[in-house]
>>> print(open('final15.csv').read())   # CSV, C-alpha atoms
chain,number,residue,atom,x,y,z
A,1,MET,CA,38.6,-23.9,17.0
A,2,SER,CA,37.0,-26.7,19.0
A,3,GLY,CA,33.3,-27.5,18.5
A,4,GLY,CA,32.5,-26.0,22.0
A,5,THR,CA,34.3,-22.8,21.2
A,6,ALA,CA,32.8,-22.5,17.8
A,7,GLY,CA,29.3,-23.2,19.2
A,8,LYS,CA,29.8,-20.5,21.8
A,9,ALA,CA,31.0,-18.0,19.2
A,10,ARG,CA,28.0,-18.8,17.0
A,11,GLU,CA,25.6,-18.4,19.9
A,12,ALA,CA,27.2,-15.0,20.7
A,13,ASP,CA,26.8,-14.0,17.1
A,14,VAL,CA,23.1,-15.0,17.1
A,15,GLU,CA,22.5,-13.0,20.3
A,16,ALA,CA,24.3,-10.0,18.8
A,17,VAL,CA,22.3,-10.2,15.6
A,18,LEU,CA,19.0,-10.6,17.5
A,19,ALA,CA,19.9,-7.5,19.6
A,20,ALA,CA,20.7,-5.5,16.4
A,21,ASN,CA,17.3,-6.6,14.9
A,22,GLN,CA,15.5,-5.6,18.1
A,23,ALA,CA,17.2,-2.2,18.1
A,24,LEU,CA,15.6,-1.5,14.7
A,25,TYR,CA,12.1,-2.0,16.0
A,26,GLU,CA,12.7,-0.2,19.3
A,27,ALA,CA,14.1,2.8,17.3
A,28,LEU,CA,11.0,2.8,15.1
A,29,GLU,CA,8.7,2.7,18.2
A,30,ARG,CA,10.6,5.7,19.7
A,31,GLY,CA,10.5,7.6,16.4
A,32,ASP,CA,14.3,7.9,16.6
A,33,VAL,CA,15.5,8.4,13.0
A,34,GLU,CA,19.2,8.6,14.0
A,35,ALA,CA,18.9,5.3,15.8
A,36,VAL,CA,17.2,3.7,12.8
A,37,GLU,CA,20.0,5.0,10.6
A,38,ASN,CA,22.6,3.5,13.0
A,39,VAL,CA,21.1,0.0,12.6
A,40,TRP,CA,21.8,0.1,8.8
A,41,LEU,CA,25.1,-0.3,7.1
A,42,GLY,CA,27.0,3.0,6.9
A,43,ALA,CA,28.8,4.6,4.0
A,44,ALA,CA,32.0,2.8,4.9
A,45,GLU,CA,30.3,-0.6,4.4
A,46,ALA,CA,28.0,0.2,1.5
A,47,ASP,CA,27.7,2.8,-1.1
A,48,ASP,CA,24.6,5.1,-1.0
A,49,LYS,CA,23.2,4.0,-4.4
A,50,GLY,CA,22.8,0.3,-4.0
A,51,GLY,CA,24.5,-0.9,-0.9
A,52,VAL,CA,21.3,-1.2,1.2
A,53,VAL,CA,17.9,-2.4,0.1
A,54,CYS,CA,14.5,-2.0,1.7
A,55,VAL,CA,11.1,-3.3,0.5
A,56,HIS,CA,8.0,-2.4,2.5
A,57,PRO,CA,4.7,-3.9,1.5
A,58,GLY,CA,3.2,-2.0,-1.5
A,59,TRP,CA,6.3,0.2,-2.0
A,60,PRO,CA,8.9,0.0,-4.7
A,61,VAL,CA,12.3,-1.3,-3.9
A,62,LEU,CA,14.3,1.3,-2.0
A,63,ARG,CA,18.1,1.4,-2.6
A,64,GLY,CA,20.6,3.4,-0.7
A,65,ARG,CA,20.7,4.9,2.8
A,66,ALA,CA,19.0,8.1,1.7
A,67,GLN,CA,15.9,6.4,0.2
A,68,VAL,CA,15.7,3.9,3.1
A,69,THR,CA,15.9,6.6,5.7
A,70,ARG,CA,13.3,8.7,4.0
A,71,SER,CA,10.9,5.8,3.9
A,72,TYR,CA,11.2,5.2,7.7
A,73,MET,CA,10.8,9.0,8.3
A,74,LEU,CA,7.6,8.9,6.3
A,75,ILE,CA,6.3,6.0,8.3
A,76,MET,CA,7.2,7.6,11.6
A,77,MET,CA,5.7,11.0,10.6
A,78,ASN,CA,2.4,9.5,9.5
A,79,THR,CA,1.6,7.4,12.5
A,80,GLU,CA,0.4,8.6,15.9
A,81,TYR,CA,2.2,5.6,17.4
A,82,ILE,CA,3.7,2.4,16.3
A,83,GLN,CA,4.5,-0.8,18.2
A,84,PHE,CA,6.0,-4.0,17.0
A,85,PHE,CA,5.3,-7.4,18.7
A,86,LEU,CA,7.8,-9.8,17.0
A,87,THR,CA,7.0,-13.5,16.9
A,88,ASP,CA,8.6,-16.5,15.2
A,89,VAL,CA,12.0,-14.8,15.4
A,90,GLU,CA,14.8,-16.9,14.0
A,91,ALA,CA,18.4,-16.0,13.3
A,92,GLU,CA,21.0,-17.9,11.3
A,93,VAL,CA,24.6,-16.8,11.1
A,94,HIS,CA,26.7,-17.8,8.1
A,95,GLY,CA,30.2,-16.3,8.5
A,96,ASP,CA,29.9,-12.5,8.2
A,97,VAL,CA,26.2,-12.6,7.1
A,98,ALA,CA,23.2,-13.3,9.2
A,99,LEU,CA,19.5,-13.8,8.3
A,100,VAL,CA,16.7,-12.9,10.7
A,101,THR,CA,13.2,-13.9,9.9
A,102,CYS,CA,10.2,-12.8,12.0
A,103,THR,CA,6.6,-11.9,12.0
A,104,GLU,CA,5.9,-8.2,12.8
A,105,ASN,CA,2.6,-7.9,14.5
A,106,ILE,CA,2.2,-4.1,14.1
A,107,LEU,CA,-0.1,-1.8,16.1
A,108,SER,CA,0.0,1.7,14.7
A,109,GLY,CA,-2.3,4.5,13.9
A,110,GLY,CA,-2.7,7.5,11.6
A,111,GLU,CA,-5.3,10.1,11.1
A,112,SER,CA,-8.6,9.1,9.5
A,113,GLU,CA,-8.8,9.8,5.8
A,114,GLU,CA,-12.6,9.6,5.8
A,115,GLU,CA,-15.1,9.3,8.5
A,116,GLY,CA,-14.9,5.8,9.9
A,117,GLU,CA,-11.8,4.8,8.0
A,118,LEU,CA,-8.3,4.6,9.4
A,119,GLY,CA,-5.3,6.1,7.7
A,120,PRO,CA,-2.8,4.3,5.5
A,121,LEU,CA,-0.4,3.1,8.1
A,122,VAL,CA,-2.6,1.4,10.7
A,123,GLY,CA,-0.8,-1.8,11.3
A,124,GLY,CA,-1.2,-5.4,10.5
A,125,LYS,CA,0.9,-8.5,10.2
A,126,VAL,CA,4.1,-8.6,8.1
A,127,VAL,CA,6.6,-11.4,7.6
A,128,SER,CA,10.1,-9.8,7.5
A,129,THR,CA,13.4,-11.0,6.3
A,130,ASN,CA,16.3,-8.9,7.6
A,131,LEU,CA,19.8,-9.5,6.3
A,132,PHE,CA,22.7,-8.3,8.4
A,133,ARG,CA,26.5,-8.0,7.7
A,134,ARG,CA,29.2,-8.2,10.3
A,135,THR,CA,31.2,-4.9,10.5
A,136,PRO,CA,33.9,-3.5,12.8
A,137,ALA,CA,31.0,-1.6,14.5
A,138,GLY,CA,28.9,-4.8,15.0
A,139,TRP,CA,26.1,-6.4,13.0
A,140,LYS,CA,24.4,-3.9,10.6
A,141,LEU,CA,21.3,-4.2,8.6
A,142,TRP,CA,21.9,-4.7,4.9
A,143,SER,CA,18.5,-5.6,3.6
A,144,HIS,CA,15.0,-5.5,4.9
A,145,HIS,CA,12.1,-7.1,3.1
A,146,GLY,CA,8.6,-7.1,4.5
A,147,SER,CA,5.6,-9.0,3.0
A,148,PRO,CA,2.1,-8.6,4.3
A,149,VAL,CA,0.4,-11.6,5.8
A,150,LEU,CA,-3.1,-12.3,4.3
A,151,THR,CA,-5.5,-13.7,6.8
A,152,SER,CA,-9.0,-15.1,6.2
A,153,GLY,CA,-11.3,-12.3,5.1
A,154,ASP,CA,-8.5,-10.5,3.3
A,155,GLU,CA,-8.8,-10.5,-0.4
A,156,ASP,CA,-11.3,-13.3,-0.6
A,157,ASP,CA,-11.0,-15.1,-3.9
A,158,GLU,CA,-14.2,-15.9,-5.7
A,159,ASP,CA,-12.7,-18.1,-8.3
>>> encode(input="final15.csv", output="structure tokens")
Amino acid sequence: MSGGTAGKAREADVEAVLAANQALYEALERGDVEAVENVWLGAAEADDKGGVVCVHPGWPVLRGRAQVTRSYMLIMMNTEYIQFFLTDVEAEVHGDVALVTCTENILSGGESEEEGELGPLVGGKVVSTNLFRRTPAGWKLWSHHGSPVLTSGDEDDED
């Protein structure tokens, strides 16, 4: 493959990976569990016990499509709305694996737990690492890891 052809193929892969990444966040915003599941690797590509991995801030590591899907259902069921504004989105393709890093600026809302306090899923800023694999059906999410971004005023150290 010539450099120009290889470059165009890589560019097309990056665009396809970014589209798959965006599909995840759009499905979450719509509350569409089926579409969320469709973004992840299927049973043909990964077993249900350890083939896919998801880490949300403050949660244990989730392994397998069943656990991952339940976590997203829980998030969608306990928010009145959720919107993602992705920034600093970068994709790197290495053969049949692609890495997408981005910052999730999340607007969401849940019911108040106590007067004047918002519920547990009220948004914030998260840095995410999404790992995709190339499949016959296109790029599918293999692993998602989100880490909260601490900003000034969060967890002030007094040491």
>>> closest_residue(input="final15.csv", among="A:Phe132, A:Tyr25, A:Trp40, A:Trp59", to="A:Glu92", atoms="all atoms listed in the file")
A:Phe132
>>> closest_residue(input="final15.csv", among="A:Gln67, A:His56, A:Thr79, A:Gly109", to="A:Gly146", atoms="only C-alpha atoms")
A:His56
>>> closest_residue(input="final15.csv", among="A:Phe85, A:Ala20, A:Val33, A:Val53", to="A:Ala137", atoms="all atoms listed in the file")
A:Ala20
>>> closest_residue(input="final15.csv", among="A:Asp32, A:Glu90, A:Glu80, A:Glu104", to="A:Val14", atoms="all atoms listed in the file")
A:Glu90
>>> build_atoms(input="final15.csv", residues="stretch 32-57 of chain A", atoms="N, CA, C and O atoms", output="PDB file, keeping the file's coordinate frame")
ATOM      1  N   ASP A  32      12.908   7.450  16.532  1.00  0.00           N
ATOM      2  CA  ASP A  32      14.300   7.900  16.600  1.00  0.00           C
ATOM      3  C   ASP A  32      14.987   7.619  15.248  1.00  0.00           C
ATOM      4  O   ASP A  32      15.530   6.538  15.045  1.00  0.00           O
ATOM      5  N   VAL A  33      14.953   8.593  14.325  1.00  0.00           N
ATOM      6  CA  VAL A  33      15.500   8.400  13.000  1.00  0.00           C
ATOM      7  C   VAL A  33      17.013   8.123  13.056  1.00  0.00           C
ATOM      8  O   VAL A  33      17.528   7.266  12.330  1.00  0.00           O
ATOM      9  N   GLU A  34      17.716   8.809  13.924  1.00  0.00           N
ATOM     10  CA  GLU A  34      19.200   8.600  14.000  1.00  0.00           C
ATOM     11  C   GLU A  34      19.476   7.167  14.462  1.00  0.00           C
ATOM     12  O   GLU A  34      20.391   6.531  13.922  1.00  0.00           O
ATOM     13  N   ALA A  35      18.709   6.635  15.396  1.00  0.00           N
ATOM     14  CA  ALA A  35      18.900   5.300  15.800  1.00  0.00           C
ATOM     15  C   ALA A  35      18.560   4.275  14.720  1.00  0.00           C
ATOM     16  O   ALA A  35      19.226   3.254  14.559  1.00  0.00           O
ATOM     17  N   VAL A  36      17.518   4.575  13.943  1.00  0.00           N
ATOM     18  CA  VAL A  36      17.200   3.700  12.800  1.00  0.00           C
ATOM     19  C   VAL A  36      18.315   3.702  11.808  1.00  0.00           C
ATOM     20  O   VAL A  36      18.732   2.644  11.336  1.00  0.00           O
ATOM     21  N   GLU A  37      18.854   4.875  11.502  1.00  0.00           N
ATOM     22  CA  GLU A  37      20.000   5.000  10.600  1.00  0.00           C
ATOM     23  C   GLU A  37      21.184   4.162  11.098  1.00  0.00           C
ATOM     24  O   GLU A  37      21.892   3.519  10.328  1.00  0.00           O
ATOM     25  N   ASN A  38      21.409   4.205  12.409  1.00  0.00           N
ATOM     26  CA  ASN A  38      22.600   3.500  13.000  1.00  0.00           C
ATOM     27  C   ASN A  38      22.492   2.024  12.871  1.00  0.00           C
ATOM     28  O   ASN A  38      23.516   1.347  12.861  1.00  0.00           O
ATOM     29  N   VAL A  39      21.294   1.466  12.744  1.00  0.00           N
ATOM     30  CA  VAL A  39      21.100   0.000  12.600  1.00  0.00           C
ATOM     31  C   VAL A  39      21.589  -0.419  11.200  1.00  0.00           C
ATOM     32  O   VAL A  39      22.098  -1.518  11.019  1.00  0.00           O
ATOM     33  N   TRP A  40      21.430   0.462  10.213  1.00  0.00           N
ATOM     34  CA  TRP A  40      21.800   0.100   8.800  1.00  0.00           C
ATOM     35  C   TRP A  40      23.259   0.268   8.572  1.00  0.00           C
ATOM     36  O   TRP A  40      23.957   1.011   9.245  1.00  0.00           O
ATOM     37  N   LEU A  41      23.732  -0.434   7.537  1.00  0.00           N
ATOM     38  CA  LEU A  41      25.100  -0.300   7.100  1.00  0.00           C
ATOM     39  C   LEU A  41      25.421   1.167   6.829  1.00  0.00           C
ATOM     40  O   LEU A  41      24.578   1.898   6.296  1.00  0.00           O
ATOM     41  N   GLY A  42      26.605   1.596   7.173  1.00  0.00           N
ATOM     42  CA  GLY A  42      27.000   3.000   6.900  1.00  0.00           C
ATOM     43  C   GLY A  42      27.732   3.095   5.595  1.00  0.00           C
ATOM     44  O   GLY A  42      27.948   2.119   4.879  1.00  0.00           O
ATOM     45  N   ALA A  43      28.116   4.316   5.267  1.00  0.00           N
ATOM     46  CA  ALA A  43      28.800   4.600   4.000  1.00  0.00           C
ATOM     47  C   ALA A  43      30.089   3.827   3.858  1.00  0.00           C
ATOM     48  O   ALA A  43      30.491   3.468   2.751  1.00  0.00           O
ATOM     49  N   ALA A  44      30.750   3.552   4.967  1.00  0.00           N
ATOM     50  CA  ALA A  44      32.000   2.800   4.900  1.00  0.00           C
ATOM     51  C   ALA A  44      31.796   1.365   4.459  1.00  0.00           C
ATOM     52  O   ALA A  44      32.673   0.764   3.850  1.00  0.00           O
ATOM     53  N   GLU A  45      30.619   0.810   4.746  1.00  0.00           N
ATOM     54  CA  GLU A  45      30.300  -0.600   4.400  1.00  0.00           C
ATOM     55  C   GLU A  45      29.555  -0.746   3.107  1.00  0.00           C
ATOM     56  O   GLU A  45      29.565  -1.805   2.500  1.00  0.00           O
ATOM     57  N   ALA A  46      28.825   0.279   2.705  1.00  0.00           N
ATOM     58  CA  ALA A  46      28.000   0.200   1.500  1.00  0.00           C
ATOM     59  C   ALA A  46      27.785   1.516   0.872  1.00  0.00           C
ATOM     60  O   ALA A  46      27.579   2.514   1.548  1.00  0.00           O
ATOM     61  N   ASP A  47      27.847   1.534  -0.449  1.00  0.00           N
ATOM     62  CA  ASP A  47      27.700   2.800  -1.100  1.00  0.00           C
ATOM     63  C   ASP A  47      26.198   3.251  -1.006  1.00  0.00           C
ATOM     64  O   ASP A  47      25.316   2.457  -0.717  1.00  0.00           O
ATOM     65  N   ASP A  48      25.945   4.529  -1.241  1.00  0.00           N
ATOM     66  CA  ASP A  48      24.600   5.100  -1.000  1.00  0.00           C
ATOM     67  C   ASP A  48      23.655   4.813  -2.170  1.00  0.00           C
ATOM     68  O   ASP A  48      22.492   5.094  -2.082  1.00  0.00           O
ATOM     69  N   LYS A  49      24.141   4.274  -3.272  1.00  0.00           N
ATOM     70  CA  LYS A  49      23.200   4.000  -4.400  1.00  0.00           C
ATOM     71  C   LYS A  49      22.617   2.663  -4.373  1.00  0.00           C
ATOM     72  O   LYS A  49      21.486   2.501  -4.766  1.00  0.00           O
ATOM     73  N   GLY A  50      23.340   1.668  -3.943  1.00  0.00           N
ATOM     74  CA  GLY A  50      22.800   0.300  -4.000  1.00  0.00           C
ATOM     75  C   GLY A  50      23.213  -0.567  -2.862  1.00  0.00           C
ATOM     76  O   GLY A  50      22.935  -1.756  -2.883  1.00  0.00           O
ATOM     77  N   GLY A  51      23.921  -0.025  -1.902  1.00  0.00           N
ATOM     78  CA  GLY A  51      24.500  -0.900  -0.900  1.00  0.00           C
ATOM     79  C   GLY A  51      23.476  -1.416   0.108  1.00  0.00           C
ATOM     80  O   GLY A  51      23.674  -2.497   0.645  1.00  0.00           O
ATOM     81  N   VAL A  52      22.378  -0.725   0.362  1.00  0.00           N
ATOM     82  CA  VAL A  52      21.300  -1.200   1.200  1.00  0.00           C
ATOM     83  C   VAL A  52      20.030  -1.258   0.475  1.00  0.00           C
ATOM     84  O   VAL A  52      19.813  -0.464  -0.436  1.00  0.00           O
ATOM     85  N   VAL A  53      19.184  -2.188   0.846  1.00  0.00           N
ATOM     86  CA  VAL A  53      17.900  -2.400   0.100  1.00  0.00           C
ATOM     87  C   VAL A  53      16.804  -2.543   1.156  1.00  0.00           C
ATOM     88  O   VAL A  53      16.971  -3.214   2.176  1.00  0.00           O
ATOM     89  N   CYS A  54      15.655  -1.943   0.861  1.00  0.00           N
ATOM     90  CA  CYS A  54      14.500  -2.000   1.700  1.00  0.00           C
ATOM     91  C   CYS A  54      13.242  -2.176   0.898  1.00  0.00           C
ATOM     92  O   CYS A  54      13.043  -1.387  -0.031  1.00  0.00           O
ATOM     93  N   VAL A  55      12.419  -3.153   1.223  1.00  0.00           N
ATOM     94  CA  VAL A  55      11.100  -3.300   0.500  1.00  0.00           C
ATOM     95  C   VAL A  55      10.052  -3.385   1.592  1.00  0.00           C
ATOM     96  O   VAL A  55      10.015  -4.311   2.404  1.00  0.00           O
ATOM     97  N   HIS A  56       9.205  -2.362   1.602  1.00  0.00           N
ATOM     98  CA  HIS A  56       8.000  -2.400   2.500  1.00  0.00           C
ATOM     99  C   HIS A  56       6.833  -2.780   1.643  1.00  0.00           C
ATOM    100  O   HIS A  56       6.782  -2.466   0.461  1.00  0.00           O
ATOM    101  N   PRO A  57       5.865  -3.461   2.236  1.00  0.00           N
ATOM    102  CA  PRO A  57       4.700  -3.900   1.500  1.00  0.00           C
ATOM    103  C   PRO A  57       4.055  -2.779   0.680  1.00  0.00           C
ATOM    104  O   PRO A  57       3.762  -1.720   1.217  1.00  0.00           O
TER     105      PRO A  57
END
